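Coordinates as given in protein.txt (compact mmCIF, C-alpha atoms and all ligand atoms):
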# COMPACT_ATOMS: atom_id res chain seq x y z
CA MET A 15 8.92 14.38 -16.75
CA SER A 16 11.14 13.98 -13.76
CA LEU A 17 10.64 13.43 -10.04
CA ALA A 18 14.40 13.56 -9.49
CA SER A 19 15.94 13.18 -6.03
CA PRO A 20 18.98 11.28 -4.73
CA VAL A 21 18.27 7.55 -4.63
CA PRO A 22 14.82 7.62 -3.08
CA ILE A 23 12.57 4.64 -2.44
CA GLY A 24 9.50 4.81 -4.66
CA ILE A 25 6.24 3.83 -3.01
CA PHE A 26 2.92 3.75 -4.82
CA ASP A 27 -0.71 2.91 -4.32
CA SER A 28 -4.02 3.70 -5.91
CA GLY A 29 -4.51 6.29 -3.20
CA LEU A 30 -3.91 6.87 0.48
CA GLY A 31 -3.65 3.23 1.55
CA GLY A 32 0.05 2.96 0.82
CA LEU A 33 0.65 5.61 3.46
CA SER A 34 0.17 2.79 6.00
CA VAL A 35 3.30 1.25 4.47
CA TRP A 36 5.07 4.61 4.01
CA ARG A 37 4.80 5.45 7.71
CA GLN A 38 6.32 2.11 8.71
CA ILE A 39 9.18 2.57 6.26
CA VAL A 40 9.88 6.07 7.63
CA ARG A 41 9.68 4.82 11.23
CA GLN A 42 12.03 1.90 10.67
CA LEU A 43 14.36 3.43 8.08
CA PRO A 44 14.56 7.10 9.08
CA ASP A 45 17.54 7.91 6.82
CA GLU A 46 15.83 6.77 3.62
CA SER A 47 14.25 9.26 1.23
CA THR A 48 10.93 8.42 -0.36
CA VAL A 49 8.78 9.42 -3.27
CA TYR A 50 5.15 8.51 -2.62
CA PHE A 51 2.80 8.29 -5.57
CA ALA A 52 -0.98 8.11 -5.13
CA ASP A 53 -2.99 7.41 -8.27
CA ARG A 54 -6.14 9.00 -6.91
CA ALA A 55 -7.41 9.67 -10.42
CA HIS A 56 -8.03 5.93 -10.69
CA VAL A 57 -8.77 4.84 -7.11
CA PRO A 58 -10.12 2.28 -6.35
CA TYR A 59 -8.11 -0.28 -8.32
CA GLY A 60 -9.86 -3.22 -6.65
CA GLY A 61 -12.72 -3.61 -9.13
CA ARG A 62 -10.72 -2.78 -12.27
CA GLN A 63 -9.58 -5.09 -15.04
CA PRO A 64 -6.07 -6.58 -14.66
CA GLN A 65 -4.78 -4.99 -17.88
CA GLU A 66 -5.89 -1.57 -16.67
CA ILE A 67 -4.14 -1.97 -13.31
CA ARG A 68 -1.01 -3.22 -15.07
CA ALA A 69 -0.98 -0.18 -17.38
CA TYR A 70 -1.37 2.26 -14.48
CA SER A 71 1.30 0.50 -12.44
CA GLU A 72 3.72 0.47 -15.36
CA ALA A 73 3.30 4.19 -16.04
CA ILE A 74 3.85 5.00 -12.36
CA CYS A 75 6.94 2.79 -12.19
CA THR A 76 8.31 4.47 -15.30
CA ALA A 77 8.04 7.85 -13.54
CA LEU A 78 9.55 6.47 -10.34
CA THR A 79 12.51 4.86 -12.10
CA GLU A 80 13.08 8.09 -14.06
CA ALA A 81 13.20 9.78 -10.66
CA GLY A 82 16.13 7.51 -9.84
CA CYS A 83 14.33 5.26 -7.39
CA LYS A 84 16.60 2.39 -6.40
CA VAL A 85 13.73 0.36 -5.06
CA ILE A 86 10.00 0.47 -5.66
CA VAL A 87 7.51 -0.73 -3.09
CA VAL A 88 4.18 -1.60 -4.64
CA ALA A 89 2.28 -0.52 -1.52
CA CYS A 90 -0.94 -1.88 -2.92
CA ASN A 91 -2.02 -5.50 -2.62
CA THR A 92 -4.21 -5.14 -5.68
CA ALA A 93 -1.45 -3.84 -7.97
CA SER A 94 0.94 -6.41 -6.54
CA ALA A 95 -1.49 -9.26 -7.15
CA VAL A 96 -2.10 -8.25 -10.73
CA ALA A 97 1.07 -6.51 -11.91
CA LEU A 98 4.10 -7.55 -9.84
CA HIS A 99 5.44 -10.17 -12.27
CA HIS A 100 4.89 -7.83 -15.18
CA LEU A 101 6.65 -4.93 -13.42
CA ARG A 102 9.66 -7.07 -12.54
CA GLU A 103 9.99 -8.13 -16.17
CA ARG A 104 9.52 -4.60 -17.43
CA PHE A 105 11.98 -2.98 -14.94
CA PRO A 106 14.71 -5.61 -14.50
CA ASP A 107 17.23 -3.12 -13.09
CA CYS A 108 15.01 -1.99 -10.25
CA LEU A 109 14.33 -3.90 -7.05
CA ILE A 110 10.55 -4.18 -6.83
CA LEU A 111 8.83 -5.28 -3.64
CA GLY A 112 5.19 -6.24 -3.66
CA LEU A 113 2.63 -6.78 -0.95
CA GLU A 114 0.91 -10.08 -0.55
CA PRO A 115 -1.70 -10.82 2.11
CA ALA A 116 0.09 -11.92 5.29
CA VAL A 117 -1.27 -15.47 5.15
CA LYS A 118 1.99 -17.07 6.33
CA PRO A 119 2.18 -15.24 9.71
CA ALA A 120 -1.55 -15.79 10.16
CA VAL A 121 -1.16 -19.54 9.66
CA ALA A 122 1.65 -19.51 12.22
CA ILE A 123 -0.50 -18.01 14.99
CA THR A 124 -4.03 -19.31 14.37
CA ARG A 125 -5.28 -21.67 17.09
CA SER A 126 -8.68 -22.33 15.54
CA GLY A 127 -7.18 -23.27 12.18
CA VAL A 128 -9.38 -20.70 10.44
CA VAL A 129 -7.86 -17.55 8.97
CA GLY A 130 -9.84 -14.67 7.48
CA VAL A 131 -8.43 -12.51 4.68
CA MET A 132 -9.89 -9.11 3.81
CA ALA A 133 -8.99 -7.81 0.35
CA THR A 134 -10.27 -6.41 -2.94
CA PRO A 135 -11.77 -8.61 -5.69
CA ALA A 136 -8.71 -8.12 -7.93
CA THR A 137 -6.36 -9.25 -5.15
CA PHE A 138 -8.23 -12.54 -4.71
CA GLN A 139 -8.21 -13.10 -8.46
CA GLY A 140 -4.48 -12.45 -8.86
CA ARG A 141 -2.04 -15.34 -9.14
CA LEU A 142 0.15 -13.94 -6.35
CA TYR A 143 -2.60 -14.54 -3.79
CA ARG A 144 -3.35 -18.04 -5.09
CA ALA A 145 0.34 -18.91 -4.93
CA THR A 146 0.63 -17.56 -1.36
CA VAL A 147 -2.34 -19.58 -0.16
CA GLY A 148 -1.12 -22.68 -1.99
CA ARG A 149 2.33 -22.35 -0.43
CA HIS A 150 1.47 -21.45 3.15
CA ALA A 151 -2.13 -22.30 3.96
CA ALA A 152 -2.61 -25.94 3.05
CA SER A 153 -3.11 -26.85 6.75
CA VAL A 154 -5.80 -24.25 7.55
CA GLN A 155 -9.15 -23.04 6.29
CA VAL A 156 -8.92 -19.64 4.63
CA VAL A 157 -12.07 -17.52 4.52
CA GLU A 158 -11.80 -14.89 1.79
CA GLN A 159 -13.76 -11.72 2.36
CA VAL A 160 -14.09 -9.24 -0.49
CA CYS A 161 -14.44 -5.81 1.11
CA LEU A 162 -16.17 -3.74 -1.55
CA GLY A 163 -16.29 -0.07 -0.65
CA LEU A 164 -13.87 -0.20 2.28
CA ALA A 165 -10.96 1.45 0.47
CA ASP A 166 -13.37 4.19 -0.68
CA LEU A 167 -14.42 4.77 2.92
CA VAL A 168 -10.78 5.28 3.92
CA GLU A 169 -10.22 7.60 0.94
CA ALA A 170 -13.22 9.60 2.13
CA GLY A 171 -11.86 9.71 5.69
CA ASP A 172 -14.78 7.81 7.23
CA LEU A 173 -12.65 5.92 9.71
CA ALA A 174 -15.15 5.75 12.56
CA GLY A 175 -18.86 5.97 13.15
CA ALA A 176 -22.02 3.96 12.68
CA ARG A 177 -21.72 3.68 8.89
CA THR A 178 -18.16 2.41 9.06
CA ASP A 179 -18.98 -0.04 11.86
CA ALA A 180 -21.95 -1.40 9.91
CA LEU A 181 -19.87 -1.96 6.78
CA LEU A 182 -17.03 -3.52 8.77
CA LEU A 183 -19.42 -5.83 10.61
CA SER A 184 -20.89 -7.04 7.34
CA PHE A 185 -17.36 -8.10 6.33
CA LEU A 186 -16.25 -9.43 9.70
CA GLN A 187 -19.28 -11.50 10.61
CA PRO A 188 -18.87 -14.22 7.94
CA MET A 189 -15.23 -14.74 8.96
CA LEU A 190 -16.10 -14.87 12.67
CA ALA A 191 -19.03 -17.19 12.00
CA ALA A 192 -16.62 -19.55 10.21
CA GLY A 193 -14.43 -19.61 13.33
CA ALA A 194 -11.61 -17.30 12.27
CA ASP A 195 -9.39 -16.25 15.16
CA THR A 196 -6.88 -14.44 12.92
CA ILE A 197 -7.72 -11.82 10.32
CA VAL A 198 -5.31 -10.57 7.68
CA LEU A 199 -5.63 -7.03 6.34
CA GLY A 200 -4.97 -7.76 2.67
CA CYS A 201 -5.28 -4.18 1.44
CA THR A 202 -3.08 -1.30 2.49
CA HIS A 203 -6.09 0.95 3.09
CA TYR A 204 -7.45 -1.27 5.87
CA PRO A 205 -4.85 -0.56 8.60
CA PHE A 206 -6.44 2.88 8.84
CA VAL A 207 -9.54 1.22 10.31
CA ILE A 208 -7.66 -1.36 12.37
CA GLU A 209 -8.82 0.16 15.66
CA ALA A 210 -12.47 -0.18 14.65
CA ILE A 211 -11.84 -3.75 13.42
CA ARG A 212 -10.13 -4.70 16.71
CA ARG A 213 -12.98 -3.24 18.73
CA LEU A 214 -15.56 -5.14 16.68
CA VAL A 215 -13.83 -8.54 16.71
CA GLY A 216 -12.75 -8.37 20.36
CA PRO A 217 -9.48 -9.30 22.07
CA ASP A 218 -9.49 -12.99 21.13
CA VAL A 219 -9.07 -12.36 17.42
CA ALA A 220 -5.67 -11.30 16.07
CA VAL A 221 -5.66 -8.69 13.30
CA ILE A 222 -2.54 -8.59 11.14
CA ASP A 223 -1.28 -5.44 9.43
CA PRO A 224 1.58 -6.51 7.12
CA ALA A 225 3.19 -3.04 6.89
CA PRO A 226 5.74 -3.45 9.72
CA ALA A 227 7.00 -6.71 8.20
CA VAL A 228 7.23 -5.11 4.75
CA ALA A 229 9.36 -2.28 6.14
CA ARG A 230 11.60 -4.80 7.95
CA HIS A 231 12.02 -6.80 4.73
CA LEU A 232 12.86 -3.62 2.83
CA GLY A 233 15.45 -2.73 5.48
CA SER A 234 17.15 -6.11 5.15
CA LEU A 235 17.17 -5.89 1.35
CA LEU A 236 18.78 -2.44 1.45
CA HIS A 237 21.35 -3.83 3.87
CA HIS A 238 21.95 -6.91 1.74
CA TYR A 239 22.53 -4.87 -1.42
CA ALA A 240 24.46 -2.15 0.47
CA MET A 241 21.96 0.42 -0.73
CA GLN A 242 21.30 2.24 2.53
CA ALA A 243 21.11 6.01 2.48
CA PRO A 244 23.66 8.04 4.44
CA ALA A 245 22.44 9.26 7.82
CA GLY A 246 20.59 12.56 7.99
CA SER A 247 19.73 12.89 4.30
CA ALA A 248 16.07 11.88 4.30
CA CYS A 249 13.63 13.80 2.17
CA HIS A 250 10.03 12.81 1.48
CA ARG A 251 7.99 13.89 -1.48
CA PHE A 252 4.42 13.14 -2.44
CA PHE A 253 2.66 13.11 -5.78
CA THR A 254 -0.96 12.51 -6.65
CA THR A 255 -2.89 12.24 -9.88
CA GLY A 256 -5.73 13.82 -7.91
CA GLU A 257 -5.93 17.22 -6.30
CA ALA A 258 -2.85 18.15 -4.22
CA GLY A 259 -4.64 20.16 -1.52
CA GLN A 260 -7.10 17.33 -0.99
CA PHE A 261 -4.27 14.80 -0.71
CA ASP A 262 -2.50 16.97 1.87
CA ARG A 263 -5.64 17.39 3.99
CA ASP A 264 -6.44 13.67 3.82
CA ALA A 265 -2.85 12.60 4.54
CA LEU A 266 -2.67 14.97 7.50
CA ARG A 267 -5.76 13.37 8.95
CA LEU A 268 -4.49 9.83 8.38
CA ILE A 269 -0.80 10.03 9.30
CA ALA A 270 -0.40 13.51 10.87
CA VAL A 271 2.26 14.56 8.35
CA GLU A 272 2.22 17.73 6.23
CA THR A 273 2.86 16.22 2.85
CA ALA A 274 3.05 19.34 0.59
CA SER A 275 2.20 17.16 -2.38
CA ALA A 276 2.21 18.02 -6.06
CA SER A 277 -0.51 17.08 -8.47
CA ILE A 278 0.48 15.32 -11.68
CA PRO A 279 -2.38 14.94 -14.14
CA TRP A 280 -2.48 11.43 -15.55
CA ARG A 281 -1.75 12.65 -19.10
CA VAL A 282 1.60 13.99 -17.86
CA LEU A 283 2.65 10.48 -16.96
CA ASP A 284 2.10 9.35 -20.53
CA GLY A 285 3.86 12.27 -22.23
CA SER A 286 6.30 14.89 -21.07
CA GLU A 287 4.87 18.12 -19.74
CA GLY A 288 7.75 19.43 -17.68
CA GLU A 289 8.95 18.97 -14.15
CA LEU A 290 6.67 19.23 -11.16
CA LEU A 291 8.59 19.09 -7.93
CA PRO A 292 6.96 19.95 -4.63
CA PRO A 293 9.15 21.34 -1.86
CA CYS A 294 11.31 18.71 -0.22
CA LEU A 295 10.15 18.10 3.34
CA GLN A 296 13.26 19.22 5.15
CA SER A 297 11.88 19.05 8.66
CA PRO A 298 11.32 15.62 10.16
CA PRO A 299 7.73 14.43 9.92
CA ARG A 300 5.77 15.07 13.07
CA PRO A 301 5.23 12.10 15.40
CA PHE A 302 2.57 9.70 14.18
N1 LIG A 401 -4.68 -0.11 -1.30
C1 LIG A 401 -5.02 -1.06 -2.28
C2 LIG A 401 -4.68 -2.47 -1.92
O1 LIG A 401 -3.81 -2.66 -1.11
C3 LIG A 401 -6.13 -0.90 -3.19
C4 LIG A 401 -7.47 -0.45 -2.86
C5 LIG A 401 -8.15 -0.11 -4.17
O2 LIG A 401 -7.68 0.78 -4.84
O3 LIG A 401 -9.15 -0.80 -4.48
O4 LIG A 401 -5.24 -3.40 -2.42
Please re-express this file's structure in structure tokens.
Ligand code: DGL
Amino acid sequence: MSLASPVPIGIFDSGLGGLSVWRQIVRQLPDESTVYFADRAHVPYGGRQPQEIRAYSEAICTALTEAGCKVIVVACNTASAVALHHLRERFPDCLILGLEPAVKPAVAITRSGVVGVMATPATFQGRLYRATVGRHAASVQVVEQVCLGLADLVEAGDLAGARTDALLLSFLQPMLAAGADTIVLGCTHYPFVIEAIRRLVGPDVAVIDPAPAVARHLGSLLHHYAMQAPAGSACHRFFTTGEAGQFDRDALRLIAVETASASIPWRVLDGSEGELLPPCLQSPPRPF
């Protein structure tokens, strides 16, 4: 199987969440081409066993490296927490960036000394998260909030309304009650409900979406390794292990981009069932 394209950046997530990272990368690095991979056949990853998440991530990275990706962004905190070390060992020739909850910037701005982190169970269990907290958060209290069902809500497009508010409040209240004045979105799905979160916590609580910082870091790495794409050559392609039409409708609603995705059944990732290339998006994405 091939997803071939000139030196694209591979970006993957269990589903739509990584699009919050994709849109920042496209905003900040408009000349870069991307291949976005959404493993919607297996979303959510957050409650799965580490070995399962590692196997999915490895198969996706195999496809992305075969597609010639020079860099892979694991646009999923859960996969990063569980599989990043493994992926770096397995693909030593590829630059692999992971996402870790933005605890460091949160510690820098908290005034109350209490930081809340919203993430999936697997992210909190992963050694990446423990290492991040150990390194950066010794001076503050970190309140960990497992947000079961929140990624599913975003996948289903329930970004606003009474049901979403009620679920969000059940996650936010324990952190606020503990005195948190800074909340970290530790899952790439959550920026799609950041407006609702900000409304519920009020103006005195900072809510951190790590995606802009990830895109900045990616930009400096590309610069450092002289891997930047030539101007005017950007092309963006989207693949899903779910249903392509559904992905396109959902992505349009979330990021206002016509993704023209292709569906790749999971079994194709394991074997070789031919090439499946959706049309390259020649026109620039619409404003979002
Ligand atoms: N978007 C993912 C993350 O950043 C995962 C959500 C899930 O699949 O459970 O953690």
What are the closest atom pairs, with distances in Å to one decimal, for each residue of chain A lying within 9 Å of ligand LIG 401 (chain A), using only C-alpha atoms and all ligand atoms, rows by chain and rising residue number, as a Markdown table?
| residue | atom | partner | partner_atom | distance |
| --- | --- | --- | --- | --- |
| A:Asp27 | CA | A:LIG401 | N1 | 5.8 |
| A:Ser28 | CA | A:LIG401 | O2 | 4.8 |
| A:Gly29 | CA | A:LIG401 | O2 | 6.6 |
| A:Leu30 | CA | A:LIG401 | N1 | 7.2 |
| A:Gly31 | CA | A:LIG401 | N1 | 4.5 |
| A:Gly32 | CA | A:LIG401 | N1 | 6.0 |
| A:Asp53 | CA | A:LIG401 | O2 | 8.8 |
| A:Arg54 | CA | A:LIG401 | O2 | 8.6 |
| A:His56 | CA | A:LIG401 | O2 | 7.8 |
| A:Val57 | CA | A:LIG401 | O2 | 4.8 |
| A:Pro58 | CA | A:LIG401 | O2 | 3.2 |
| A:Tyr59 | CA | A:LIG401 | O2 | 3.7 |
| A:Gly60 | CA | A:LIG401 | O3 | 3.3 |
| A:Gly61 | CA | A:LIG401 | O3 | 6.5 |
| A:Arg62 | CA | A:LIG401 | O3 | 8.2 |
| A:Val88 | CA | A:LIG401 | O1 | 8.8 |
| A:Ala89 | CA | A:LIG401 | O1 | 6.5 |
| A:Cys90 | CA | A:LIG401 | O1 | 3.5 |
| A:Asn91 | CA | A:LIG401 | O1 | 3.7 |
| A:Thr92 | CA | A:LIG401 | O4 | 3.8 |
| A:Ala93 | CA | A:LIG401 | O4 | 6.7 |
| A:Ser94 | CA | A:LIG401 | O4 | 8.0 |
| A:Ala95 | CA | A:LIG401 | O4 | 8.4 |
| A:Leu113 | CA | A:LIG401 | O1 | 7.6 |
| A:Glu114 | CA | A:LIG401 | O1 | 8.8 |
| A:Ala133 | CA | A:LIG401 | O4 | 6.4 |
| A:Thr134 | CA | A:LIG401 | O4 | 5.9 |
| A:Pro135 | CA | A:LIG401 | O3 | 8.3 |
| A:Ala136 | CA | A:LIG401 | O4 | 8.0 |
| A:Thr137 | CA | A:LIG401 | O4 | 6.6 |
| A:Leu162 | CA | A:LIG401 | O3 | 8.2 |
| A:Gly163 | CA | A:LIG401 | O3 | 8.1 |
| A:Leu164 | CA | A:LIG401 | C4 | 8.2 |
| A:Ala165 | CA | A:LIG401 | C4 | 5.2 |
| A:Asp166 | CA | A:LIG401 | O3 | 7.6 |
| A:Leu199 | CA | A:LIG401 | O1 | 8.8 |
| A:Gly200 | CA | A:LIG401 | O1 | 6.5 |
| A:Cys201 | CA | A:LIG401 | O1 | 3.3 |
| A:Thr202 | CA | A:LIG401 | O1 | 3.9 |
| A:His203 | CA | A:LIG401 | N1 | 4.7 |
| A:Tyr204 | CA | A:LIG401 | N1 | 7.8 |
Point-to-point distance from atom CA of Phe105 of chain A to atom CA of Glu72 of chain A, Å rounded to tenths: 9.0 Å
Residue nearest Ser184 of chain A among A:Arg149, A:Pro217, A:Leu266, A:Gln159 (counting only C-alpha atoms):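 Ranking A:Arg149, A:Pro217, A:Leu266, A:Gln159 by distance to Ser184 of chain A, first place goes to A:Gln159.
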Between A:Ala152, A:Ile208, A:Ile25, A:Ala274, which one has atoms that come closest to Gly112 of chain A, using only C-alpha atoms?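 Among A:Ala152, A:Ile208, A:Ile25, A:Ala274, it is A:Ile25 that comes nearest to Gly112 of chain A.
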Atom CA of Leu43 of chain A and atom CA of Gly24 of chain A are how many Å apart?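 That distance, rounded to one decimal, is 13.7 Å.
Closest approach to Val87 of chain A from the set A:Arg125, A:His231, A:His237, A:Arg251 is made by A:His231, with distances taken over only C-alpha atoms.
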Residues within 7 Å of Val21 of chain A, please, as a PDB file with C-alpha atoms, in the frame of the given file. Count all atoms listed in the file; anything in the same chain fewer than 3 positions from it doesn't count.
ATOM      1  CA  GLY A  82      16.130   7.510  -9.840  1.00  0.00           C
ATOM      2  CA  CYS A  83      14.330   5.260  -7.390  1.00  0.00           C
ATOM      3  CA  LYS A  84      16.600   2.390  -6.400  1.00  0.00           C
TER       4      LYS A  84
END
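Across the model, the gap from atom CA of Gln242 of chain A to atom CA of Arg104 of chain A is 24.2 Å.
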Counting all atoms listed in the file, the option among A:Asp218, A:Leu182, A:Asp107, A:Glu66 closest to Val168 of chain A: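 Among A:Asp218, A:Leu182, A:Asp107, A:Glu66, it is A:Leu182 that comes nearest to Val168 of chain A.
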